Amino acid sequence: MPSKAASRLFRRGEGRRRGALLAVASLLGLSALGEAAARTVRIVQAQTLELRRVDEQELVVITGGENGAQVELRVDEDVVRAVRVEYNRTRRTLTLIGAATYRTAADGQTLTGENLVVDLAGEQLTGEDVLISDADIEIRGQQVERVPGQLRASGGYFTPCAKCGRTPNDYAFRAERLIVYPGDRLIAYRAQLLLADFPVLYLPVVVLPLNDPERQPRLLIGTGDPDGVRIEADLPFSVGASTLGTTLFRYYENRNPSVGFGVSLRSYAPLPFLDRLDLYTLAQPKPFASDGTQQLGYDIDLDLTARGRIPLTLAVRDLDYSLNVLRNDIGRTEADPERGVTRVTFGANVEYPLFTAALNYIDRYGPEPTTALTTPLKEPEVVLDPKPYTQGGFSADFKVTAGRYTGASNPLSRSAAAEGINITTTRLEEQHALAFAARPWTNADLALTNTFTGRYYGTGARTVDLNLGVELNQRFNDTNTLRVRSNYFRLEGTSPFAFDALGGRRLSAPLTLDLTTVPVRDVTFGVSYTHDLILPASLQLPAAFRLNVNRLPLNVTSSLAYNFGTRELENAAFNVTLSDPNADRVTVTPALPARPATPESPAVPARPETATRSSRWPAPDLTLTASGSYSRTGGYEPFTVRATVTDDVRTNNFSVYASHDIDTPRLSSVGFEASLTTTADAVLNPITFTARENLNILTPRITGSYALTWRGAYSLTAAHDLALEQPDTVRESGTVTFGVGTVGLATNWQLTYGGPYDLRRQSWTRPNVSASLRATRPGQSLALAAVVNTPGLDQTRLELSRADLNADWQFGTRTSLSGRAVYTRTRTGTFPDDVATDTLILDPLRFGLALGNGPKPGAYLTASLRQTLTWQAGERVNPSPLAPVIGLTIDRCCWSLQAEIDMSLRRYRLAIGLPGSNTYPLFDLTGDGFNVPLLP
């Protein structure tokens with residue numbers, strides 16, 4: 001009998017909240033399934049819930065309500081939807097009444113059927129007339145049973161073509177019994193092959209892989225010289241739930257031997273303490289030599305990788321290790337020094353509370369190396385790295401590395417070079433870093449450092465890298481700092497190995513003084529000087545002086561470097577700016593009346609009202625700058641003076657400048673720059689104007705550019721670059737151009753006139769007009785460009801010299817047209833007897849048409865044309881007809897058919913593409929005959 005409380009609660013209509021439903025579901029035992037059946041059921045959507053007792057069994061009935069509303073449950077991560085669900089608490093089963101769906105999260109499958117029964121305790125599902133679908137395959141079965149790791153169906157129908165949505169399916173199978181291993185394979189017994197749902201073949205068993213794309217079976221069949229018939233097959237397999245692999249088969253008719261085998265395997269936690277194992281090995285018959293000689297034996301490729309962890313009692317974390325064994329012979333010539341070489345790399349790391357340790361082993365097996373080893377071999381290497389020690393201001397860090405190494409010999413070591421291109425010996429490396437920091441007195445910081453790296457070799461050689469340092473920083477007030485630093489560097493020794501050879505020898509003891517001070521307000525002065533106690537005077541570094549002034553309206557930045565050892569000025573630079581945009585601002589201090597003295601405070605005299613300017617600069621809108629520099633190697637740079645006037649709107653400014661060449665000495669260049677933006681109406685009529693002009697007096701040459709922009713889209717430009725003095729034999733002074741166009745719009749156009757210009761004759765010599773248009777829309781683009789030569793002093797004809805068309809047009813979703821055409825005209829000879837050569841390049845023109853009535857086209861018709869047409873003096877130079885390439889592609893989910901007609905080569909080709917393999921050419925028909933590539 002149903003619970004009266006439950007019935008009363010869930011028959012009051014739709015006004016009840018989902019929270020109350022979940023609360024009662026918990027009372028009825030739905031939330032306790034996790035304890036009894038190791039699975040958790042959650043109600044996501046439901047309308048009513050009732051508890052009944054039938055034949056000593058407790059039933060929980062969940063319905064979705066009126067108008068066909070469905071119940072939605074979550075069984076762990078699986079999703080269950082049905083109009084009515086009956087949960088048998090006694091048997092721990094869910095019965096989905098009517099049309100229902102069960103979505104498995106682990107396999108990504110959706111099961112749709114009538115009256116499905118879910119066994120929560122055994123994780124099984126049974127039903128009749130069930131449809132199973134995922135991203136790769138669709139299965140229908142009269143009776144379906146789902147158990148962990150398998151799906152079983154009787155009277156089944158399955159097809160890989162269902163994902164394409166086409167009807168009928170290209171091919172399918174009808175089988176008496178099906179077994180599906182999700183994510184791996186499907187096995188069908190006593191099956192019929194259906195093409196377009198028509199039975200054509202009976203098969204006792206069919207195995208269909210359901211793996212990832214890289215694990216799909218692959219079959220390649222071909223023929224050619226000198227191998228003859230060639231067959232390559234990759235067949236996937238699995239061992240249990242943790243090991244996946246692929247069997248590799250190779251056959252070459254004319255090689256000796258003809259058959260090769262291999263395997264590609266990956267396994268997850270196959271053994272204790274082994275997390276991942278990857279293996280790829282292939283024994284392939286040796287190919288023919290470059291001179292056509294048959295080679296005997298096999299080429300072997302081997303790649304073995306293993307990673308794992310071993311728990312240790314006192315370690316901070318598990319010991320982790322990795323092993324790699326690598327050999328690559330396939331594709332290498334017999335003379336390749338890496339042929340037959342197997343490389344082994346092993347590494348293990350462990351961390352304890354007081355130290356970390358590592359064991360590294362890198363070795364090679366096979367023929368002795370004939371070249372220098374770029375990567376040293378470690379046979380083996382042990383690393384011990386204690387944790388840093390810290391006590392107060394003192395810290396210490398040590399590290400020791402020892403091992404036996406084989407590496408390239410250091411050519412600077414005579415004993416190592418005598419051993420050959422490579423040398424093998426032992427090596428001990430000790431590294432430490434010591435540091436101490438303290439504050440000996442107020443505003444003082446003291447730091448002592450010592451870093452050392454020493455390497456000691458079995459040959460008796462050694463190398464030392466030592467750095468001792470002491471640094472004292474003293475602060476005076478908050479603006480003055482004095483830093484004194486002293487170091488001792490010692491780098492010496494010769495390593496027998498090239499991989500850790502020192503870059504040279506060094507013995508140095510620099511003493512550095514660095515002072516930064518503010519002698520007066522807004523003035524900063526700094527000096528830095530380094531003197532090496534060991535180096536001679538000629539090798540000492542220069543002293544650097546810095547002086548900066550930032551007191552309105554003056555801003556000065558200057559630097560100077562002087563070498564006291566050579567008594568030479570190395571470099572100097574300065575920049576002086578006079579400006580204050582806030583110079584017209586006045587600060588008013590109100591008057592203060594007199595106040596007589598009292599026992600608590602002295603007398604205060606009267607103070608009148610005062611007005612104070614922000615600075616003494618009289619012109620807030622004027623900025624003056626001066627800059628210059630000198631270097632010992634480059635000499636003096638031009639001394640430049642610039643004056644800039646700025647409006648209240650900071651984008652409006654005008655500046656003039658002049659540069660003086662000190663070496664000449666004479667004025668080198670003058671110029672001006674201007675920028676103007678209107679602000680009366682920034683929306684309807686914004687105008688921007690920029691101008692730049694420069695006169696180089698030394699060359700002499702004048703260059704400039706002007707631009708006027710209206711509404712941010714329409715622009716008018718002018719530019720020139722002209723030499724004012726040139727030899728009489730030169731007929732052109734430079735270029736002068738004028739242009740108008742638009743910018744920043746979906747449809748842009750530009751029109752430009754100009755070209756080479758001669759100042760003596762006051763006109764253009766070879767002018768031209770260039771125009772361009774670019775328009776873009778969704779799915780459409782068009783670009784046009786043309787150059788027209790116009791009459792000038794050295795050019796008499798008006799003619800088109802170049803035209804360029806580039807278009808891409810989509811007509812709906814089925815038709816497209818794109819291409820590029822370029823026309824050019826060039827002339828050879830002397831006017832009027834010169835000869836014109838016209839060239840038209842189509843590169844390429846493409847047309848595409850999708851065929852089919854469904855949402856996805858079933859075929860594609862394409863045509864493309866790549867051709868160059870040339871005329872000389874009006875006559876065709878290469879009178880060949882147009883030769884387009886026409887193609888037809890039939891695209892299905894599991895196969896494709898391609899046909900191509902090449903008019904230029906007079907070739908007809910047909911090819912087919914199958915899943916998991918390349919495209920197979922079926923035949924080629926050319927002028928030389930008929931060819932079937934798959935036949936020998």
# chains A, B, ... in the order shown; residues from 1 in each chain; ligands from 1
>>> select_by_dssp(residues="segment 105-344 of chain A", states="strand (DSSP E)", output="VMD selection string")
chain A and resid 109 to 119 124 to 133 138 to 147 150 to 159 171 to 181 185 to 195 198 to 209 218 to 224 228 to 239 243 to 252 259 to 271 274 to 285 298 to 310 317 to 328 342 to 344
>>> residues_around(residues="segment 630-635 of chain A", least_positions_apart="6", cutoff="9 Å", atoms="only C-alpha atoms", output="ChimeraX atom specification")
/A:568-573,663
>>> write_last_selection(atoms="all heavy atoms", output="tab-separated table (two decimals), in the first residue's frame")
chain	number	residue	atom	x	y	z
A	568	GLU	N	90.83	59.38	-21.20
A	568	GLU	CA	90.03	59.71	-22.37
A	568	GLU	C	88.56	59.75	-22.00
A	568	GLU	O	88.10	58.98	-21.14
A	568	GLU	CB	90.25	58.69	-23.50
A	568	GLU	CG	91.62	58.73	-24.12
A	568	GLU	CD	91.73	57.74	-25.27
A	568	GLU	OE1	90.85	56.86	-25.35
A	568	GLU	OE2	92.68	57.84	-26.06
A	569	LEU	N	87.83	60.64	-22.68
A	569	LEU	CA	86.39	60.71	-22.51
A	569	LEU	C	85.76	59.65	-23.42
A	569	LEU	O	85.91	59.71	-24.63
A	569	LEU	CB	85.89	62.11	-22.88
A	569	LEU	CG	84.38	62.34	-22.78
A	569	LEU	CD1	83.92	62.23	-21.33
A	569	LEU	CD2	84.01	63.72	-23.35
A	570	GLU	N	85.06	58.71	-22.82
A	570	GLU	CA	84.46	57.62	-23.60
A	570	GLU	C	83.18	58.08	-24.30
A	570	GLU	O	83.01	57.87	-25.50
A	570	GLU	CB	84.16	56.42	-22.69
A	570	GLU	CG	85.40	55.75	-22.15
A	570	GLU	CD	86.20	55.05	-23.24
A	570	GLU	OE1	85.59	54.63	-24.24
A	570	GLU	OE2	87.43	54.95	-23.09
A	571	ASN	N	82.26	58.68	-23.56
A	571	ASN	CA	81.02	59.16	-24.17
A	571	ASN	C	80.38	60.18	-23.26
A	571	ASN	O	80.68	60.24	-22.04
A	571	ASN	CB	80.05	58.00	-24.46
A	571	ASN	CG	79.73	57.20	-23.21
A	571	ASN	OD1	79.00	57.67	-22.34
A	571	ASN	ND2	80.25	55.98	-23.12
A	572	ALA	N	79.52	60.98	-23.85
A	572	ALA	CA	78.76	61.99	-23.11
A	572	ALA	C	77.48	62.27	-23.88
A	572	ALA	O	77.45	62.20	-25.11
A	572	ALA	CB	79.58	63.28	-22.92
A	573	ALA	N	76.39	62.57	-23.15
A	573	ALA	CA	75.11	62.86	-23.77
A	573	ALA	C	74.31	63.76	-22.84
A	573	ALA	O	74.46	63.70	-21.61
A	573	ALA	CB	74.33	61.58	-24.07
A	663	ASP	N	81.20	68.35	-36.36
A	663	ASP	CA	82.45	68.01	-37.03
A	663	ASP	C	82.70	68.90	-38.25
A	663	ASP	O	83.86	69.17	-38.60
A	663	ASP	CB	82.41	66.53	-37.47
A	663	ASP	CG	82.43	65.59	-36.28
A	663	ASP	OD1	83.03	65.95	-35.25
A	663	ASP	OD2	81.83	64.49	-36.36
>>> residues_around(residues="Gly503 of chain A", least_positions_apart="4", cutoff="10 Å", atoms="only C-alpha atoms", output="PyMOL selection string")
chain A and resi 491-492+494
>>> write_last_selection(atoms="N, CA and C atoms", output="short mmCIF file (atom, residue, chain, number, x, y, z; two decimals), in the first residue's frame")
data_model
loop_
_atom_site.label_atom_id
_atom_site.label_comp_id
_atom_site.auth_asym_id
_atom_site.auth_seq_id
_atom_site.Cartn_x
_atom_site.Cartn_y
_atom_site.Cartn_z
N LEU A 491 88.80 31.86 -12.33
CA LEU A 491 88.33 30.86 -13.26
C LEU A 491 89.55 30.29 -13.97
N GLU A 492 89.85 29.01 -13.71
CA GLU A 492 91.05 28.44 -14.29
C GLU A 492 90.89 26.94 -14.42
N THR A 494 91.65 23.27 -17.16
CA THR A 494 91.28 22.75 -18.48
C THR A 494 90.60 21.41 -18.31
#
>>> atom_distance(atom1="atom CA of Leu925 of chain A", atom2="atom CA of Asp227 of chain A")
23.6 Å
>>> closest_residue(among="A:Arg607, A:Lys286, A:Arg250, A:His720", to="Val263 of chain A", atoms="only C-alpha atoms")
A:Arg250
>>> closest_residue(among="A:Leu94, A:Val523, A:Ala437, A:Leu560", to="Thr479 of chain A", atoms="only C-alpha atoms")
A:Val523
>>> closest_residue(among="A:Glu725, A:Glu123, A:Glu673, A:Asp833", to="Asn694 of chain A", atoms="only C-alpha atoms")
A:Glu673
